[in-house]
Every structure is written in C-alpha cells, then in structure tokens.
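The structure file query-v2.pdb is reproduced below (PDB, C-alpha atoms and all ligand atoms).
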ATOM      1  CA  MET A   1      25.297  20.611  -5.436
ATOM      2  CA  THR A   2      24.299  22.146  -2.095
ATOM      3  CA  GLN A   3      25.061  20.198   1.036
ATOM      4  CA  ILE A   4      21.885  18.975   2.731
ATOM      5  CA  LYS A   5      21.624  19.840   6.424
ATOM      6  CA  ASN A   6      18.017  19.416   7.440
ATOM      7  CA  ILE A   7      15.675  16.724   6.115
ATOM      8  CA  GLY A   8      11.927  17.192   6.373
ATOM      9  CA  LEU A   9      10.080  13.906   6.838
ATOM     10  CA  PHE A  10       6.406  13.075   6.374
ATOM     11  CA  THR A  11       3.932  10.293   5.696
ATOM     12  CA  SER A  12       1.010  10.842   3.362
ATOM     13  CA  GLY A  13      -1.980   9.028   1.851
ATOM     14  CA  GLY A  14      -3.290   5.794   3.399
ATOM     15  CA  ASP A  15      -1.205   4.624   6.339
ATOM     16  CA  ALA A  16       0.585   1.287   6.116
ATOM     17  CA  PRO A  17       2.209  -0.982   8.702
ATOM     18  CA  GLY A  18       5.949  -0.367   8.616
ATOM     19  CA  MET A  19       5.708   3.385   8.106
ATOM     20  CA  ASN A  20       6.953   3.856  11.663
ATOM     21  CA  ALA A  21       9.917   1.601  11.001
ATOM     22  CA  ALA A  22      10.695   3.761   7.949
ATOM     23  CA  ILE A  23      10.387   6.973   9.997
ATOM     24  CA  ARG A  24      12.750   5.511  12.577
ATOM     25  CA  ALA A  25      15.259   4.508   9.909
ATOM     26  CA  VAL A  26      15.280   7.958   8.305
ATOM     27  CA  VAL A  27      15.625   9.795  11.629
ATOM     28  CA  ARG A  28      18.309   7.498  13.014
ATOM     29  CA  SER A  29      20.389   7.393   9.846
ATOM     30  CA  ALA A  30      20.174  11.169   9.370
ATOM     31  CA  ILE A  31      21.427  11.676  12.920
ATOM     32  CA  TYR A  32      24.119   9.041  12.351
ATOM     33  CA  TYR A  33      25.367  11.078   9.373
ATOM     34  CA  GLY A  34      25.233  14.378  11.300
ATOM     35  CA  LEU A  35      22.058  15.786   9.714
ATOM     36  CA  ASN A  36      18.974  17.296  11.348
ATOM     37  CA  VAL A  37      15.506  15.867  10.829
ATOM     38  CA  THR A  38      12.289  17.827  11.005
ATOM     39  CA  GLY A  39       8.953  16.025  11.225
ATOM     40  CA  ILE A  40       5.884  17.221   9.361
ATOM     41  CA  ARG A  41       2.536  15.993  10.704
ATOM     42  CA  ARG A  42      -0.327  14.896   8.441
ATOM     43  CA  GLY A  43       1.674  14.994   5.233
ATOM     44  CA  TYR A  44       1.117  17.861   2.825
ATOM     45  CA  GLU A  45      -1.589  19.247   5.086
ATOM     46  CA  GLY A  46       0.915  19.846   7.895
ATOM     47  CA  MET A  47       3.314  21.372   5.400
ATOM     48  CA  ILE A  48       0.635  23.929   4.537
ATOM     49  CA  THR A  49      -0.596  24.573   8.093
ATOM     50  CA  GLY A  50       2.925  24.571   9.517
ATOM     51  CA  ASP A  51       2.570  21.536  11.781
ATOM     52  CA  ILE A  52       6.327  21.043  11.775
ATOM     53  CA  PHE A  53       8.658  20.046  14.633
ATOM     54  CA  ALA A  54      12.259  19.044  15.287
ATOM     55  CA  MET A  55      12.870  15.309  15.715
ATOM     56  CA  ASN A  56      15.629  13.669  17.679
ATOM     57  CA  ILE A  57      16.883  10.212  18.456
ATOM     58  CA  LYS A  58      14.212   9.723  21.118
ATOM     59  CA  SER A  59      11.332  10.795  18.845
ATOM     60  CA  VAL A  60      11.516   7.364  17.249
ATOM     61  CA  SER A  61      12.162   5.154  20.275
ATOM     62  CA  ASN A  62       9.928   2.124  20.631
ATOM     63  CA  ILE A  63       8.053   2.577  17.356
ATOM     64  CA  ILE A  64       9.543  -0.034  15.027
ATOM     65  CA  GLN A  65       6.883  -2.546  16.092
ATOM     66  CA  ARG A  66       3.898  -0.190  15.912
ATOM     67  CA  GLY A  67       1.354   0.014  13.103
ATOM     68  CA  GLY A  68       0.049   3.328  11.763
ATOM     69  CA  THR A  69       2.295   6.359  11.572
ATOM     70  CA  ILE A  70       3.432   8.556  14.457
ATOM     71  CA  LEU A  71       3.632  11.443  11.985
ATOM     72  CA  LYS A  72      -0.077  11.013  11.164
ATOM     73  CA  THR A  73      -1.271  11.156   7.602
ATOM     74  CA  ALA A  74      -3.859  12.793   5.377
ATOM     75  CA  ARG A  75      -5.017  13.132   1.811
ATOM     76  CA  CYS A  76      -4.689  16.852   1.080
ATOM     77  CA  GLU A  77      -6.772  18.651  -1.552
ATOM     78  CA  GLN A  78      -5.113  22.013  -0.978
ATOM     79  CA  PHE A  79      -1.721  20.710  -2.057
ATOM     80  CA  ARG A  80      -3.198  20.160  -5.516
ATOM     81  CA  THR A  81      -3.389  23.930  -5.931
ATOM     82  CA  PRO A  82      -0.388  26.186  -6.761
ATOM     83  CA  ALA A  83      -1.335  28.433  -3.825
ATOM     84  CA  GLY A  84      -1.275  25.483  -1.413
ATOM     85  CA  ARG A  85       2.121  24.324  -2.650
ATOM     86  CA  LYS A  86       3.537  27.859  -2.384
ATOM     87  CA  THR A  87       2.461  28.067   1.264
ATOM     88  CA  ALA A  88       4.033  24.656   1.855
ATOM     89  CA  PHE A  89       7.300  25.809   0.285
ATOM     90  CA  GLU A  90       7.370  28.939   2.430
ATOM     91  CA  ASN A  91       6.840  26.872   5.569
ATOM     92  CA  LEU A  92       9.685  24.528   4.634
ATOM     93  CA  LYS A  93      11.996  27.502   4.137
ATOM     94  CA  LYS A  94      10.889  28.985   7.473
ATOM     95  CA  HIS A  95      12.044  25.785   9.171
ATOM     96  CA  ASN A  96      15.281  25.622   7.149
ATOM     97  CA  ILE A  97      14.282  22.337   5.573
ATOM     98  CA  ASP A  98      16.405  21.776   2.488
ATOM     99  CA  ALA A  99      15.280  18.289   1.388
ATOM    100  CA  LEU A 100      12.319  15.982   1.930
ATOM    101  CA  VAL A 101      11.697  12.291   2.464
ATOM    102  CA  ALA A 102       8.110  11.426   1.531
ATOM    103  CA  ILE A 103       6.659   8.112   2.658
ATOM    104  CA  GLY A 104       3.516   7.117   0.792
ATOM    105  CA  GLY A 105       2.003   5.846  -2.418
ATOM    106  CA  ASP A 106       1.180   7.146  -5.868
ATOM    107  CA  GLY A 107      -0.799  10.201  -4.676
ATOM    108  CA  THR A 108       2.114  11.203  -2.453
ATOM    109  CA  PHE A 109       4.652  10.878  -5.264
ATOM    110  CA  THR A 110       2.428  12.664  -7.764
ATOM    111  CA  GLY A 111       2.400  15.641  -5.390
ATOM    112  CA  ALA A 112       6.133  15.290  -4.686
ATOM    113  CA  ARG A 113       6.998  15.313  -8.373
ATOM    114  CA  ILE A 114       5.045  18.504  -9.056
ATOM    115  CA  PHE A 115       6.446  20.222  -5.963
ATOM    116  CA  ALA A 116      10.039  19.194  -6.744
ATOM    117  CA  ASP A 117       9.745  20.601 -10.274
ATOM    118  CA  GLU A 118       8.026  23.795  -9.213
ATOM    119  CA  PHE A 119      10.489  24.744  -6.478
ATOM    120  CA  ASP A 120      13.585  22.823  -7.556
ATOM    121  CA  PHE A 121      13.422  20.989  -4.244
ATOM    122  CA  PRO A 122      15.251  17.705  -3.526
ATOM    123  CA  ILE A 123      12.798  14.956  -2.575
ATOM    124  CA  VAL A 124      13.131  11.213  -2.337
ATOM    125  CA  GLY A 125      10.259   8.847  -1.644
ATOM    126  CA  LEU A 126       9.783   5.592   0.220
ATOM    127  CA  PRO A 127       7.062   3.218  -1.009
ATOM    128  CA  GLY A 128       4.509   3.056   1.810
ATOM    129  CA  THR A 129       1.170   1.524   0.862
ATOM    130  CA  ILE A 130      -0.562  -1.780   1.470
ATOM    131  CA  ASP A 131      -1.587  -1.907  -2.211
ATOM    132  CA  ASN A 132       1.845  -2.844  -3.639
ATOM    133  CA  ASP A 133       0.928  -0.874  -6.743
ATOM    134  CA  LEU A 134       4.145   1.069  -7.381
ATOM    135  CA  CYS A 135       6.700   0.382 -10.071
ATOM    136  CA  GLY A 136      10.324   0.257  -8.967
ATOM    137  CA  THR A 137      10.040  -2.013  -5.971
ATOM    138  CA  ASP A 138       9.143  -5.671  -5.662
ATOM    139  CA  PHE A 139       7.134  -4.919  -2.541
ATOM    140  CA  THR A 140       5.853  -1.794  -0.848
ATOM    141  CA  ILE A 141       6.078  -1.191   2.890
ATOM    142  CA  GLY A 142       2.873  -2.546   4.449
ATOM    143  CA  TYR A 143       1.930  -5.045   1.779
ATOM    144  CA  ASP A 144       3.395  -8.079   3.524
ATOM    145  CA  THR A 145       1.666  -7.250   6.806
ATOM    146  CA  ALA A 146      -1.626  -6.583   5.031
ATOM    147  CA  ILE A 147      -1.614  -9.892   3.144
ATOM    148  CA  ASN A 148      -0.843 -11.733   6.351
ATOM    149  CA  THR A 149      -3.737  -9.955   8.053
ATOM    150  CA  VAL A 150      -5.973 -11.005   5.172
ATOM    151  CA  ILE A 151      -5.044 -14.675   5.267
ATOM    152  CA  ASP A 152      -5.435 -14.727   9.022
ATOM    153  CA  ALA A 153      -8.974 -13.364   8.572
ATOM    154  CA  VAL A 154      -9.819 -15.682   5.681
ATOM    155  CA  ASP A 155      -8.580 -18.725   7.619
ATOM    156  CA  LYS A 156     -11.054 -17.767  10.324
ATOM    157  CA  ILE A 157     -13.810 -17.254   7.783
ATOM    158  CA  ARG A 158     -12.976 -20.683   6.373
ATOM    159  CA  ASP A 159     -13.644 -22.291   9.762
ATOM    160  CA  THR A 160     -17.164 -20.967   9.918
ATOM    161  CA  ALA A 161     -17.765 -21.431   6.167
ATOM    162  CA  GLU A 162     -16.789 -25.072   6.502
ATOM    163  CA  SER A 163     -18.996 -25.610   9.541
ATOM    164  CA  HIS A 164     -22.067 -24.196   7.788
ATOM    165  CA  ASN A 165     -21.295 -25.403   4.244
ATOM    166  CA  ARG A 166     -21.287 -21.810   3.050
ATOM    167  CA  LEU A 167     -19.903 -19.841   0.155
ATOM    168  CA  PHE A 168     -18.174 -16.599   1.157
ATOM    169  CA  ILE A 169     -17.301 -13.645  -0.975
ATOM    170  CA  VAL A 170     -14.404 -11.884   0.738
ATOM    171  CA  GLU A 171     -13.651  -8.357  -0.440
ATOM    172  CA  VAL A 172     -10.177  -6.947   0.072
ATOM    173  CA  MET A 173      -8.565  -3.547  -0.519
ATOM    174  CA  GLY A 174      -6.156  -2.505  -3.238
ATOM    175  CA  ARG A 175      -7.781   0.571  -4.764
ATOM    176  CA  ASP A 176      -7.480  -0.431  -8.443
ATOM    177  CA  SER A 177      -4.861  -3.111  -7.922
ATOM    178  CA  GLY A 178      -5.658  -6.783  -7.399
ATOM    179  CA  LEU A 179      -2.309  -7.733  -5.909
ATOM    180  CA  ILE A 180      -3.652  -8.196  -2.375
ATOM    181  CA  ALA A 181      -6.494 -10.392  -3.652
ATOM    182  CA  LEU A 182      -4.248 -12.367  -5.965
ATOM    183  CA  ARG A 183      -1.647 -13.417  -3.432
ATOM    184  CA  THR A 184      -4.066 -13.972  -0.561
ATOM    185  CA  GLY A 185      -6.412 -15.895  -2.831
ATOM    186  CA  ILE A 186      -3.669 -18.402  -3.516
ATOM    187  CA  ALA A 187      -2.595 -18.532   0.127
ATOM    188  CA  ALA A 188      -6.136 -18.995   1.437
ATOM    189  CA  GLY A 189      -7.087 -21.616  -1.155
ATOM    190  CA  ALA A 190      -9.806 -19.546  -2.818
ATOM    191  CA  GLU A 191     -12.111 -21.035  -5.455
ATOM    192  CA  THR A 192     -11.650 -18.088  -7.694
ATOM    193  CA  ILE A 193     -10.266 -14.560  -7.656
ATOM    194  CA  LEU A 194     -11.775 -11.435  -9.145
ATOM    195  CA  ILE A 195      -9.290  -8.642  -9.734
ATOM    196  CA  PRO A 196      -9.521  -5.421 -11.756
ATOM    197  CA  GLU A 197      -6.489  -6.299 -13.909
ATOM    198  CA  SER A 198      -7.910  -9.518 -15.310
ATOM    199  CA  LYS A 199     -11.210  -7.825 -16.168
ATOM    200  CA  THR A 200     -12.962 -11.011 -15.131
ATOM    201  CA  ASP A 201     -16.701 -10.620 -14.946
ATOM    202  CA  ILE A 202     -19.308 -12.540 -13.002
ATOM    203  CA  ASN A 203     -19.660 -15.138 -15.770
ATOM    204  CA  ALA A 204     -16.237 -16.510 -14.919
ATOM    205  CA  VAL A 205     -17.451 -17.109 -11.370
ATOM    206  CA  PHE A 206     -20.629 -18.773 -12.631
ATOM    207  CA  GLU A 207     -18.576 -21.036 -14.846
ATOM    208  CA  ARG A 208     -16.304 -21.974 -11.990
ATOM    209  CA  LEU A 209     -19.232 -22.797  -9.717
ATOM    210  CA  GLU A 210     -21.018 -24.659 -12.482
ATOM    211  CA  ASN A 211     -18.066 -26.831 -13.436
ATOM    212  CA  GLY A 212     -16.338 -27.113 -10.081
ATOM    213  CA  ARG A 213     -16.564 -30.063  -7.706
ATOM    214  CA  LYS A 214     -19.982 -30.334  -6.115
ATOM    215  CA  ASP A 215     -18.792 -32.075  -2.969
ATOM    216  CA  LYS A 216     -16.856 -29.097  -1.603
ATOM    217  CA  THR A 217     -18.247 -28.044   1.717
ATOM    218  CA  SER A 218     -16.974 -24.460   1.723
ATOM    219  CA  LYS A 219     -16.035 -22.040  -0.977
ATOM    220  CA  ILE A 220     -14.171 -18.744  -0.806
ATOM    221  CA  ILE A 221     -14.253 -16.191  -3.591
ATOM    222  CA  MET A 222     -11.619 -13.480  -3.225
ATOM    223  CA  LEU A 223     -12.703 -10.174  -4.661
ATOM    224  CA  ALA A 224     -10.563  -7.069  -5.031
ATOM    225  CA  GLU A 225     -12.412  -3.795  -4.598
ATOM    226  CA  ASN A 226     -13.201  -1.761  -7.727
ATOM    227  CA  GLY A 227     -13.365  -4.649 -10.194
ATOM    228  CA  ILE A 228     -15.818  -4.817 -13.086
ATOM    229  CA  ALA A 229     -17.947  -7.512 -11.437
ATOM    230  CA  GLY A 230     -19.103  -5.019  -8.779
ATOM    231  CA  ASP A 231     -18.666  -5.083  -5.022
ATOM    232  CA  ALA A 232     -19.022  -8.138  -2.789
ATOM    233  CA  PHE A 233     -22.743  -7.574  -2.180
ATOM    234  CA  GLU A 234     -23.413  -7.322  -5.903
ATOM    235  CA  VAL A 235     -21.412 -10.472  -6.627
ATOM    236  CA  GLY A 236     -23.195 -12.247  -3.761
ATOM    237  CA  ARG A 237     -26.586 -11.174  -5.072
ATOM    238  CA  GLN A 238     -25.860 -12.475  -8.550
ATOM    239  CA  ILE A 239     -24.532 -15.791  -7.278
ATOM    240  CA  LYS A 240     -27.624 -16.233  -5.120
ATOM    241  CA  GLU A 241     -29.865 -15.512  -8.109
ATOM    242  CA  ARG A 242     -28.114 -18.056 -10.308
ATOM    243  CA  PHE A 243     -27.368 -20.694  -7.623
ATOM    244  CA  PRO A 244     -30.122 -20.373  -5.009
ATOM    245  CA  HIS A 245     -28.944 -23.525  -3.249
ATOM    246  CA  TYR A 246     -25.727 -21.854  -2.095
ATOM    247  CA  ASP A 247     -25.829 -20.452   1.406
ATOM    248  CA  THR A 248     -23.925 -17.277   0.567
ATOM    249  CA  ARG A 249     -22.341 -14.698   2.868
ATOM    250  CA  VAL A 250     -20.266 -11.581   2.293
ATOM    251  CA  SER A 251     -17.304 -10.362   4.305
ATOM    252  CA  ILE A 252     -15.635  -7.023   3.578
ATOM    253  CA  LEU A 253     -12.353  -6.906   5.442
ATOM    254  CA  GLY A 254     -11.918  -3.133   5.174
ATOM    255  CA  HIS A 255      -9.472  -1.096   7.223
ATOM    256  CA  ILE A 256      -8.393  -4.001   9.409
ATOM    257  CA  GLN A 257      -5.994  -4.595   6.498
ATOM    258  CA  ARG A 258      -4.194  -1.335   7.193
ATOM    259  CA  GLY A 259      -3.552  -1.865  10.898
ATOM    260  CA  GLY A 260      -1.457  -4.017  13.170
ATOM    261  CA  ALA A 261       2.177  -4.575  13.990
ATOM    262  CA  PRO A 262       4.327  -4.695  10.865
ATOM    263  CA  SER A 263       5.711  -8.074   9.828
ATOM    264  CA  CYS A 264       9.425  -8.781   9.968
ATOM    265  CA  MET A 265       9.584  -8.390   6.164
ATOM    266  CA  ASP A 266       8.025  -4.925   6.331
ATOM    267  CA  ARG A 267      10.270  -3.776   9.172
ATOM    268  CA  VAL A 268      13.401  -4.871   7.337
ATOM    269  CA  LEU A 269      12.252  -3.374   4.023
ATOM    270  CA  ALA A 270      11.397  -0.076   5.760
ATOM    271  CA  SER A 271      14.739  -0.003   7.576
ATOM    272  CA  ARG A 272      16.737  -0.681   4.432
ATOM    273  CA  VAL A 273      15.027   1.876   2.221
ATOM    274  CA  GLY A 274      14.941   4.404   5.076
ATOM    275  CA  VAL A 275      18.721   4.356   5.432
ATOM    276  CA  ALA A 276      19.108   4.383   1.644
ATOM    277  CA  ALA A 277      16.885   7.488   1.402
ATOM    278  CA  VAL A 278      19.193   9.547   3.606
ATOM    279  CA  GLU A 279      22.273   8.275   1.787
ATOM    280  CA  ALA A 280      20.631   9.075  -1.546
ATOM    281  CA  LEU A 281      19.922  12.685  -0.562
ATOM    282  CA  MET A 282      23.501  13.055   0.711
ATOM    283  CA  ALA A 283      24.754  11.750  -2.626
ATOM    284  CA  GLY A 284      22.721  14.391  -4.467
ATOM    285  CA  ARG A 285      19.952  12.093  -5.709
ATOM    286  CA  ARG A 286      16.471  13.583  -5.991
ATOM    287  CA  ASN A 287      12.988  12.997  -7.363
ATOM    288  CA  GLU A 288      13.246   9.259  -7.049
ATOM    289  CA  MET A 289      11.496   6.543  -5.141
ATOM    290  CA  ILE A 290      13.746   4.148  -3.330
ATOM    291  CA  GLY A 291      12.652   0.539  -3.395
ATOM    292  CA  LEU A 292      14.053  -2.952  -3.446
ATOM    293  CA  ILE A 293      14.277  -4.978  -6.642
ATOM    294  CA  HIS A 294      15.663  -8.503  -6.369
ATOM    295  CA  ASN A 295      16.806  -7.619  -2.869
ATOM    296  CA  GLU A 296      18.923  -4.660  -4.037
ATOM    297  CA  ILE A 297      18.246  -0.969  -3.477
ATOM    298  CA  ALA A 298      16.686   0.506  -6.625
ATOM    299  CA  TYR A 299      16.067   4.150  -7.581
ATOM    300  CA  THR A 300      13.065   4.929  -9.762
ATOM    301  CA  PRO A 301      12.054   8.420 -10.917
ATOM    302  CA  PHE A 302       8.699   9.439  -9.428
ATOM    303  CA  GLU A 303       7.026   9.642 -12.826
ATOM    304  CA  LEU A 304       7.828   5.972 -13.462
ATOM    305  CA  ALA A 305       7.090   4.794  -9.915
ATOM    306  CA  ILE A 306       3.520   6.065 -10.128
ATOM    307  CA  LYS A 307       2.800   4.346 -13.422
ATOM    308  CA  HIS A 308       0.355   1.844 -12.123
ATOM    309  CA  ASN A 309       1.677  -1.506 -13.184
ATOM    310  CA  THR A 310      -1.257  -3.529 -14.405
ATOM    311  CA  ASP A 311       0.799  -6.515 -15.443
ATOM    312  CA  ILE A 312      -0.361  -9.425 -13.392
ATOM    313  CA  ASN A 313       1.673 -12.589 -13.489
ATOM    314  CA  PRO A 314      -0.643 -14.947 -15.418
ATOM    315  CA  ASP A 315       0.957 -17.907 -13.644
ATOM    316  CA  PHE A 316      -0.704 -16.752 -10.445
ATOM    317  CA  LEU A 317      -4.172 -16.919 -11.966
ATOM    318  CA  LYS A 318      -3.392 -20.315 -13.464
ATOM    319  CA  ILE A 319      -2.234 -21.554 -10.058
ATOM    320  CA  VAL A 320      -5.576 -20.595  -8.542
ATOM    321  CA  GLU A 321      -7.400 -22.434 -11.301
ATOM    322  CA  ILE A 322      -5.278 -25.573 -10.973
ATOM    323  CA  LEU A 323      -5.366 -25.711  -7.197
ATOM    324  CA  ALA A 324      -9.084 -25.026  -6.851
ATOM    325  CA  ILE A 325     -10.152 -28.274  -8.602
TER     326      ILE A 325
HETATM  327  O1  LIG B   1      -4.217   2.958  -0.699
HETATM  328  C1  LIG B   1      -4.514   2.255   0.463
HETATM  329  C2  LIG B   1      -5.984   2.013   0.583
HETATM  330  O2  LIG B   1      -6.223   1.288   1.773
HETATM  331  C3  LIG B   1      -6.670   1.339  -0.615
HETATM  332  O3  LIG B   1      -6.454  -0.042  -0.630
HETATM  333  C4  LIG B   1      -8.102   1.732  -0.398
HETATM  334  O4  LIG B   1      -8.810   1.722  -1.618
HETATM  335  C5  LIG B   1      -7.976   3.128   0.142
HETATM  336  O5  LIG B   1      -6.680   3.248   0.695
HETATM  337  C6  LIG B   1      -8.993   3.485   1.203
HETATM  338  O6  LIG B   1      -8.786   4.811   1.553
HETATM  339  P1  LIG B   1      -9.477   5.527   2.801
HETATM  340  O7  LIG B   1      -8.862   4.980   4.056
HETATM  341  O8  LIG B   1      -9.157   6.967   2.596
HETATM  342  O9  LIG B   1     -10.930   5.206   2.727
END
Could you write out this file's structure as structure tokens?
Ligand code: F6P
Amino acid sequence: MTQIKNIGLFTSGGDAPGMNAAIRAVVRSAIYYGLNVTGIRRGYEGMITGDIFAMNIKSVSNIIQRGGTILKTARCEQFRTPAGRKTAFENLKKHNIDALVAIGGDGTFTGARIFADEFDFPIVGLPGTIDNDLCGTDFTIGYDTAINTVIDAVDKIRDTAESHNRLFIVEVMGRDSGLIALRTGIAAGAETILIPESKTDINAVFERLENGRKDKTSKIIMLAENGIAGDAFEVGRQIKERFPHYDTRVSILGHIQRGGAPSCMDRVLASRVGVAAVEALMAGRRNEMIGLIHNEIAYTPFELAIKHNTDINPDFLKIVEILAI
C-alpha cells in the first residue's frame, strides 16, 4: 500500500447545499493529518482541462454556511470517453495527486468507478445530491436543506391557496426519485403524492379528489418530476378537464431547491463524512462511498451506491392517505 500524500478534491454533477461544508472538512482534516490537498474546479471537466490548484487552510475559511460549491461543478461528457479519462489521469499525475475525494451523486460515482478501475487510482466518494437517491447512506448531503426549502415554499403556497380556495400542483425535483416529494408531501399536508416509484397514474388523483372531503378550502398535490402521470402542467390540465369547478394552479419549484445555506443536519453530515473520507484513504480504503447509516460511518462500494434504490417505505404513502382525510 502506497502512502497517500496529496489528495485531489472535486465536486461534480448537480450542486447541493452542504458541499462546501464537505470541502472544508476534507481540506481541514487532510491538513490536520499532514497531507496536501489539491482542488479541481468543475469536476471531471477541470480534471481534463487542468483547472487544478493547491488548497490550504484559508481556502475553506467562512464557507461552511454557504450553499453551492466553491469548487464549481459540471456534468462532463468528455469524461465518458477513454481519451478524456486518459487526459484527466495525466493531469492528476502532473500535479502529483495520488488519491481523489469525489463529492457528488450517481453520475459522479459512475465516472469514479470506471476511472479507478482503468488507472488503479484510489478514490473515495461523499454523497452530495439533493435527491437522496444513493444506497449506502440514510441521507445525502443537501437533501435535508432541499426538503426544508420545499416545505417553506409549500407553506407559502398554502397561504395563497387557502385564501383563493385553490388546488395547487407543486412539482419538485428528484430526477427519477420521489424521496423529496414523499417527505415534503407528508410535512406540508398534501392531499396526495405522485412519485415515480409508486407508478401512480392520474386516476389515483381523480379517485382521491372524487372521494375526498368536499369542504376543504385548499388542496396541494405534490408531484415528483419524471413520474408516469406527466409533468405538473399535464396533471393540472387533466384535473381541470375532469373537475372544471376546481380553480387549479401549478407551481414548479425548480432550482430554488438546490440553493441556500445548508441546514445544521447537512453541515454535520458533510463534516462527519468529510473527515471519514480522509481517514479512509489513509487507511488504504478505495472505491467506496462514505455515508452514514443509523448514525454510523458506512462504506459502500461505488457499484452498490449507484444502484438506485427504488424501495419506498409504503408506510409513508399510507400516512399521506390517512392524514389527508
Ligand atoms: O440531481 C440533482 C437534480 O437537481 C435533480 O433533482 C434534477 O433532475 C437535476 O439535478 C436537474 O439538473 P440540471 O440542473 O442540470 O438541470
């Protein structure tokens, strides 16, 4: 086992609140243990273009509370090609980087896994995505902040929905995961929730509206993007067609969900896994994502971490049904 001296650090894929706290944790703990840290801007793209710079203790001052990522991020097509990865490897060698910490989601770890195999390079990953769609951690960095942003927005929507006696379809992010919609739907008191995992179609919504209490003055339908019922406008159109008496509006929350100061939960999660990442590399671990399961550090091989977990706790859906009477 070769001794690691210089850790390359990058964020990749969609940004998530708490990534900066993770960057800070990796840089500070590496320095604490006598290692060097080299930052790579814009993820795999910067690795290919050589946007690489030395980091020090001050590089990460005053960032724990900031959303986004100071290392910038990108989704990089070129890294999907062998030629792109070879250039990236050469640039890492040029900067004497002998291990990597990758902060991102499934796209990031898919790339990391291929690269690690191809060049026998030690990499560990930190789960950074608002979607919470990785196996091997109870929560991903950014998810808690995002769901709090969503309920803050939906509470505000509820005020106006209630004043006008309106039905709102609120669309949230998640790529192909409904975990943001599921949790926020419960927390915001939604009528019903449409998520890709449950394969619920528009008929379930019709049924709910048909059989639900008629005296409710506002209704919120939480919709995860990319479900089989279509997007929020499509769902709104179909509801309007079937129930013309509803005054229906659509609200797509969009990228607001990715911004803002990270919550306390996300900062602590990021700090814990950030320190654990450096310790893992020092201990010779590689090709694993570092998460928290039942409040304990957990190591999951990349190929398992990226297996999109489609198991939704059925209790959650039942809770929505019970509480929306
Ligand atoms: O993975 C995070 C995420 O915000 C998803 O929820 C969403 O589908 C996607 O990224 C949006 O990506 P972009 O910002 O590239 O449009």
I need the residue set behind the PyMOL selection byres (((chain A and resi 297-301) around 12) and not hetatm) for this file; please write it as a ChimeraX atom specification. /A:109-110,112-113,116,123-127,134-139,269-277,279-281,285-296,302-307
Hits from the PyMOL selection byres (((not hetatm)) within 8 of (chain B and resi 1)), listed as number ranges by chain: A: 13-16, 75, 105, 129-131, 172-176, 225, 254-255, 257-258
One decimal place gives the atom CA of A:Phe206-atom CA of A:Thr160 separation as 22.9 Å
Once the PyMOL selection byres (((chain A and resi 22) around 12) and not hetatm) has been applied to the shown file, what residues remain in the selection, as JSON, numbers by chain? {"A": [9, 10, 11, 16, 17, 18, 19, 20, 21, 23, 24, 25, 26, 27, 28, 29, 60, 63, 64, 65, 66, 67, 68, 69, 70, 71, 101, 102, 103, 104, 125, 126, 127, 128, 140, 141, 142, 262, 266, 267, 268, 269, 270, 271, 272, 273, 274, 275, 276, 277, 278, 290, 291]}
Check the smallest atom-to-atom distance from each of A:Pro122, A:Pro244, A:Gly46, A:Gly84 to A:Ala283 using only C-alpha atoms, then report the winner. A:Pro122
Spatial neighbours of A:Glu234, 10 Å, all atoms listed in the file, chain gap at least 6 places, as a list of chain:residue names: A:Ile202, A:Lys240, A:Val250
Restricting to all atoms listed in the file, whichever of A:Asp215, A:Glu191, A:Asp152, A:Asp106 is closest to A:Ile169 is A:Glu191
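Proximity ranking of A:Ile97, A:Ile40, A:Met265, A:Ile312 relative to A:Gln3 places A:Ile97 first, based on all atoms listed in the file.
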Work out how far atom CA of A:Arg41 is from atom CA of A:Phe119, in Å to one decimal. 20.9 Å
Would you fill out stretch 67-71 of chain A with all heavy atoms and return it as a PDB file, keeping the file's coordinate frame?
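Contents of result31.pdb, freshly written:
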ATOM      1  N   GLY A  67       2.056  -0.282  14.355  1.00  0.00           N
ATOM      2  CA  GLY A  67       1.354   0.014  13.103  1.00  0.00           C
ATOM      3  C   GLY A  67       1.020   1.493  13.026  1.00  0.00           C
ATOM      4  O   GLY A  67       1.308   2.263  13.944  1.00  0.00           O
ATOM      5  N   GLY A  68       0.400   1.918  11.935  1.00  0.00           N
ATOM      6  CA  GLY A  68       0.049   3.328  11.763  1.00  0.00           C
ATOM      7  C   GLY A  68       1.282   4.171  11.504  1.00  0.00           C
ATOM      8  O   GLY A  68       2.322   3.670  11.087  1.00  0.00           O
ATOM      9  N   THR A  69       1.149   5.469  11.743  1.00  0.00           N
ATOM     10  CA  THR A  69       2.295   6.359  11.572  1.00  0.00           C
ATOM     11  C   THR A  69       2.287   7.418  12.670  1.00  0.00           C
ATOM     12  O   THR A  69       1.274   8.124  12.829  1.00  0.00           O
ATOM     13  CB  THR A  69       2.333   7.045  10.182  1.00  0.00           C
ATOM     14  OG1 THR A  69       3.144   8.223  10.268  1.00  0.00           O
ATOM     15  CG2 THR A  69       0.957   7.421   9.650  1.00  0.00           C
ATOM     16  N   ILE A  70       3.382   7.543  13.382  1.00  0.00           N
ATOM     17  CA  ILE A  70       3.432   8.556  14.457  1.00  0.00           C
ATOM     18  C   ILE A  70       3.380   9.973  13.872  1.00  0.00           C
ATOM     19  O   ILE A  70       3.058  10.916  14.585  1.00  0.00           O
ATOM     20  CB  ILE A  70       4.687   8.420  15.361  1.00  0.00           C
ATOM     21  CG1 ILE A  70       5.977   8.593  14.547  1.00  0.00           C
ATOM     22  CG2 ILE A  70       4.677   7.122  16.162  1.00  0.00           C
ATOM     23  CD1 ILE A  70       7.180   8.990  15.386  1.00  0.00           C
ATOM     24  N   LEU A  71       3.696  10.107  12.600  1.00  0.00           N
ATOM     25  CA  LEU A  71       3.632  11.443  11.985  1.00  0.00           C
ATOM     26  C   LEU A  71       2.234  11.773  11.484  1.00  0.00           C
ATOM     27  O   LEU A  71       2.014  12.868  10.942  1.00  0.00           O
ATOM     28  CB  LEU A  71       4.650  11.547  10.832  1.00  0.00           C
ATOM     29  CG  LEU A  71       6.118  11.606  11.246  1.00  0.00           C
ATOM     30  CD1 LEU A  71       7.030  11.651  10.028  1.00  0.00           C
ATOM     31  CD2 LEU A  71       6.401  12.816  12.134  1.00  0.00           C
TER      32      LEU A  71
END
